[in-house]
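Student: Structure provided below as structure tokens; questions to follow.
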Amino acid sequence: MPEQSILRINEIFWSFQGEGLRAGVPSIFLRLAGCQLKCPYCDTKYAWDSGRWLPLPEILDEIDKQKRKYPASQVVITGGEPMEQDLTELVDNLKKKDFFIAIETNGVEYAALAIDWWTVSPKDVMGYAVNKALKKRIDEIKLIVNENLSVEVIKKIRDIGDYFPIFLQPDSNDNHKYENTFYLFEQCQLAGISDVRPGIQLHKVYSVM
Ligand code: SF4
């Protein structure tokens with residue numbers, strides 16, 4: 001059984017944030033391995049099972065290395081599903097280094113971490129459930145557009161509160177992703193649901209990671 005200060009990491013790399021309200025922000029990505037949901041459309045299936053257990057000092061060294069090269073970067077903790085591991089010590093150490101810290105999560109698990117930005121992407125396989133304690137901290141919602149995402153589902157998510165945008169995220173496996181996303185966006189406008197936006201995938205546009 002690994003100690004808490006050891007995390008299963010899939011990859012650490014620099015790029016820009018490709019989606020959501022903070023798209024374009026230079027970022028050091030820390031991709032944690034593992035996710036129990038196993039969504040069929042997942043675009044990071046490679047992170048489900050492959051990963052190395054790394055002690056925290058090694059992880060921080062690698063992040064420092066990236067930071068020396070790209071000083072204006074935030075840290076994005078992603079996955080897989082990062083909240084399936086205990087991130088407390090990692091986050092405390094990154095905070096001491098003055099990073100802006102963002103997490104991307106499916107919203108099932110929650111821990112009161114001292115981070116700056118919660119991107120929550122509720123999933124159809126969980127009935128779009130969001131952890132009750134996490135609801136108050138949502139900064140943005142991302143929803144994959146597929147046959148299960150309806151105006152009714154989006155309305156229910158808007159009922160959580162009006163303090164965050166809801167991005168409709170095109171499914172990269174769908175040949176009609178932009179038409180389908182725009183159609184749903186228009187339906188939300190007609191239904192009067194506030195602050196629903198068509199999402200972007202800047203990484204795909206630029207053909208980078
Ligand atoms: S929750 Fe996210 S990381 Fe997990 S399987 Fe679904 S899409 Fe992939």
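The way I read the labels, and the way they are meant: chains A, B, ... in the order of the structure tokens, residue 1 as the first residue of every chain, and ligand 1 as the first ligand shown, with later ones counted on from there.
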At a cut-off of 8 Å, using only C-alpha atoms, what residues contact region 140-154 of chain A? Leave out same-chain residues fewer than 2 positions from it and give the result as JSON, numbers by chain.

Tutor: {"A": [20, 21, 118, 119, 120, 121, 122, 123, 124, 128, 138, 156, 157, 158, 164, 165, 166, 167, 168, 169, 170, 171, 177, 180, 181, 184, 187, 188, 191, 199]}

Student: Output C-alpha atoms of each residue in that selection to a file, as a PDB file, in the first residue's frame.

Tutor:
```pdb
ATOM      1  CA  GLY A  20     -13.182  26.178 -20.907  1.00  0.00           C
ATOM      2  CA  LEU A  21     -13.027  29.701 -19.568  1.00  0.00           C
ATOM      3  CA  TRP A 118     -12.572  23.711 -10.202  1.00  0.00           C
ATOM      4  CA  THR A 119     -13.533  22.480 -13.656  1.00  0.00           C
ATOM      5  CA  VAL A 120     -16.296  19.936 -13.156  1.00  0.00           C
ATOM      6  CA  SER A 121     -17.375  17.581 -15.922  1.00  0.00           C
ATOM      7  CA  PRO A 122     -20.318  15.470 -14.690  1.00  0.00           C
ATOM      8  CA  LYS A 123     -20.785  12.257 -16.623  1.00  0.00           C
ATOM      9  CA  ASP A 124     -23.834  10.467 -18.072  1.00  0.00           C
ATOM     10  CA  TYR A 128     -24.632  13.697 -14.223  1.00  0.00           C
ATOM     11  CA  ILE A 138     -17.721  25.009  -9.144  1.00  0.00           C
ATOM     12  CA  LYS A 156     -30.927  20.519 -13.770  1.00  0.00           C
ATOM     13  CA  ILE A 157     -27.261  21.442 -13.713  1.00  0.00           C
ATOM     14  CA  ARG A 158     -28.135  25.129 -14.048  1.00  0.00           C
ATOM     15  CA  PHE A 164     -20.578  29.356 -13.373  1.00  0.00           C
ATOM     16  CA  PRO A 165     -20.683  28.931 -17.168  1.00  0.00           C
ATOM     17  CA  ILE A 166     -21.773  25.612 -18.687  1.00  0.00           C
ATOM     18  CA  PHE A 167     -19.667  24.582 -21.672  1.00  0.00           C
ATOM     19  CA  LEU A 168     -21.070  22.126 -24.196  1.00  0.00           C
ATOM     20  CA  GLN A 169     -18.061  20.112 -25.204  1.00  0.00           C
ATOM     21  CA  PRO A 170     -17.981  18.561 -28.714  1.00  0.00           C
ATOM     22  CA  ASP A 171     -17.248  14.812 -28.564  1.00  0.00           C
ATOM     23  CA  LYS A 177     -19.741  17.119 -33.232  1.00  0.00           C
ATOM     24  CA  ASN A 180     -24.742  18.569 -32.659  1.00  0.00           C
ATOM     25  CA  THR A 181     -23.128  20.981 -30.202  1.00  0.00           C
ATOM     26  CA  LEU A 184     -28.007  21.776 -28.343  1.00  0.00           C
ATOM     27  CA  GLN A 187     -32.050  24.603 -27.782  1.00  0.00           C
ATOM     28  CA  CYS A 188     -30.653  25.900 -24.487  1.00  0.00           C
ATOM     29  CA  ALA A 191     -35.279  27.368 -23.352  1.00  0.00           C
ATOM     30  CA  GLY A 199     -17.035  24.655 -26.028  1.00  0.00           C
TER      31      GLY A 199
END
```

Student: Select from chain A every residue with an atom at most 6 Å from any atom of ligand 1, then for each give the shortest pair of atoms and their distance in Å to one decimal, using only C-alpha atoms and all ligand atoms, rows by chain and rising number, as a Markdown table.

Tutor:
```
| residue | atom | partner | partner_atom_place_in_ligand_line | distance |
| --- | --- | --- | --- | --- |
| A:Cys35 | CA | ligand 1 | 4 (Fe) | 4.6 |
| A:Leu37 | CA | ligand 1 | 5 (S) | 4.8 |
| A:Lys38 | CA | ligand 1 | 5 (S) | 3.7 |
| A:Cys39 | CA | ligand 1 | 6 (Fe) | 4.1 |
| A:Cys42 | CA | ligand 1 | 7 (S) | 4.0 |
| A:Thr44 | CA | ligand 1 | 8 (Fe) | 5.7 |
| A:Gly79 | CA | ligand 1 | 3 (S) | 5.6 |
| A:Gly80 | CA | ligand 1 | 3 (S) | 3.8 |
| A:Glu81 | CA | ligand 1 | 3 (S) | 5.2 |
| A:Asn106 | CA | ligand 1 | 1 (S) | 5.1 |
```

Student: Within region 9-192 of chain A, find each residue whose DSSP state, derived from the backbone, is strand (DSSP E), and express the selection as a VMD selection string.

Tutor: chain A and resid 9 to 16 26 to 32 52 to 55 74 to 78 101 to 105 117 to 120 140 to 144 166 to 169

Student: Write the residues of the selection above to a file with C-alpha atoms, as an mmCIF file, in the first residue's frame.

Tutor:
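The result, written out as part.cif:
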```cif
data_model
loop_
_atom_site.group_PDB
_atom_site.id
_atom_site.type_symbol
_atom_site.label_atom_id
_atom_site.label_comp_id
_atom_site.auth_asym_id
_atom_site.auth_seq_id
_atom_site.Cartn_x
_atom_site.Cartn_y
_atom_site.Cartn_z
ATOM 1 C CA ILE A 9 1.129 9.735 -12.445
ATOM 2 C CA ASN A 10 0.530 9.174 -16.138
ATOM 3 C CA GLU A 11 2.413 12.203 -17.477
ATOM 4 C CA ILE A 12 3.701 15.691 -16.708
ATOM 5 C CA PHE A 13 4.002 18.121 -19.598
ATOM 6 C CA TRP A 14 3.673 21.755 -20.607
ATOM 7 C CA SER A 15 1.104 23.108 -23.039
ATOM 8 C CA PHE A 16 -1.814 25.550 -22.897
ATOM 9 C CA PRO A 26 -0.019 28.392 -20.402
ATOM 10 C CA SER A 27 -0.116 25.368 -18.136
ATOM 11 C CA ILE A 28 1.928 22.549 -16.670
ATOM 12 C CA PHE A 29 -0.326 19.501 -16.816
ATOM 13 C CA LEU A 30 -0.087 16.837 -14.168
ATOM 14 C CA ARG A 31 -2.075 13.885 -15.439
ATOM 15 C CA LEU A 32 -2.928 11.360 -12.746
ATOM 16 C CA ARG A 52 4.043 5.252 -12.386
ATOM 17 C CA TRP A 53 3.910 5.625 -8.619
ATOM 18 C CA LEU A 54 6.048 8.712 -8.017
ATOM 19 C CA PRO A 55 7.048 10.169 -4.652
ATOM 20 C CA GLN A 74 -0.384 27.527 -13.964
ATOM 21 C CA VAL A 75 -0.666 23.890 -12.855
ATOM 22 C CA VAL A 76 -3.625 21.876 -14.155
ATOM 23 C CA ILE A 77 -4.223 18.651 -12.241
ATOM 24 C CA THR A 78 -6.097 16.312 -14.522
ATOM 25 C CA ILE A 101 -3.867 25.518 -9.358
ATOM 26 C CA ALA A 102 -6.750 24.167 -11.430
ATOM 27 C CA ILE A 103 -8.335 20.726 -11.161
ATOM 28 C CA GLU A 104 -10.390 18.917 -13.776
ATOM 29 C CA THR A 105 -12.720 16.358 -12.215
ATOM 30 C CA TRP A 117 -10.159 26.644 -10.017
ATOM 31 C CA TRP A 118 -12.572 23.711 -10.202
ATOM 32 C CA THR A 119 -13.533 22.480 -13.656
ATOM 33 C CA VAL A 120 -16.296 19.936 -13.156
ATOM 34 C CA GLU A 140 -17.091 26.014 -14.664
ATOM 35 C CA ILE A 141 -18.981 22.977 -15.927
ATOM 36 C CA LYS A 142 -18.078 21.007 -19.033
ATOM 37 C CA LEU A 143 -20.578 18.560 -20.554
ATOM 38 C CA ILE A 144 -19.765 16.178 -23.387
ATOM 39 C CA ILE A 166 -21.773 25.612 -18.687
ATOM 40 C CA PHE A 167 -19.667 24.582 -21.672
ATOM 41 C CA LEU A 168 -21.070 22.126 -24.196
ATOM 42 C CA GLN A 169 -18.061 20.112 -25.204
#
```

Student: In region 131-185 of chain A, what's helix (DSSP H, G or I) per DSSP? Answer as a ChimeraX atom specification?

Tutor: /A:135-137,151-158,177-185

Student: Given only C-alpha atoms as the basis, pick out the residue of A:Pro198, A:Pro71, A:Gly18, A:Gly161 nearest to Phe182 (chain A).

Tutor: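 Residue with the minimum atom-to-atom distance to Phe182 (chain A): A:Pro198.
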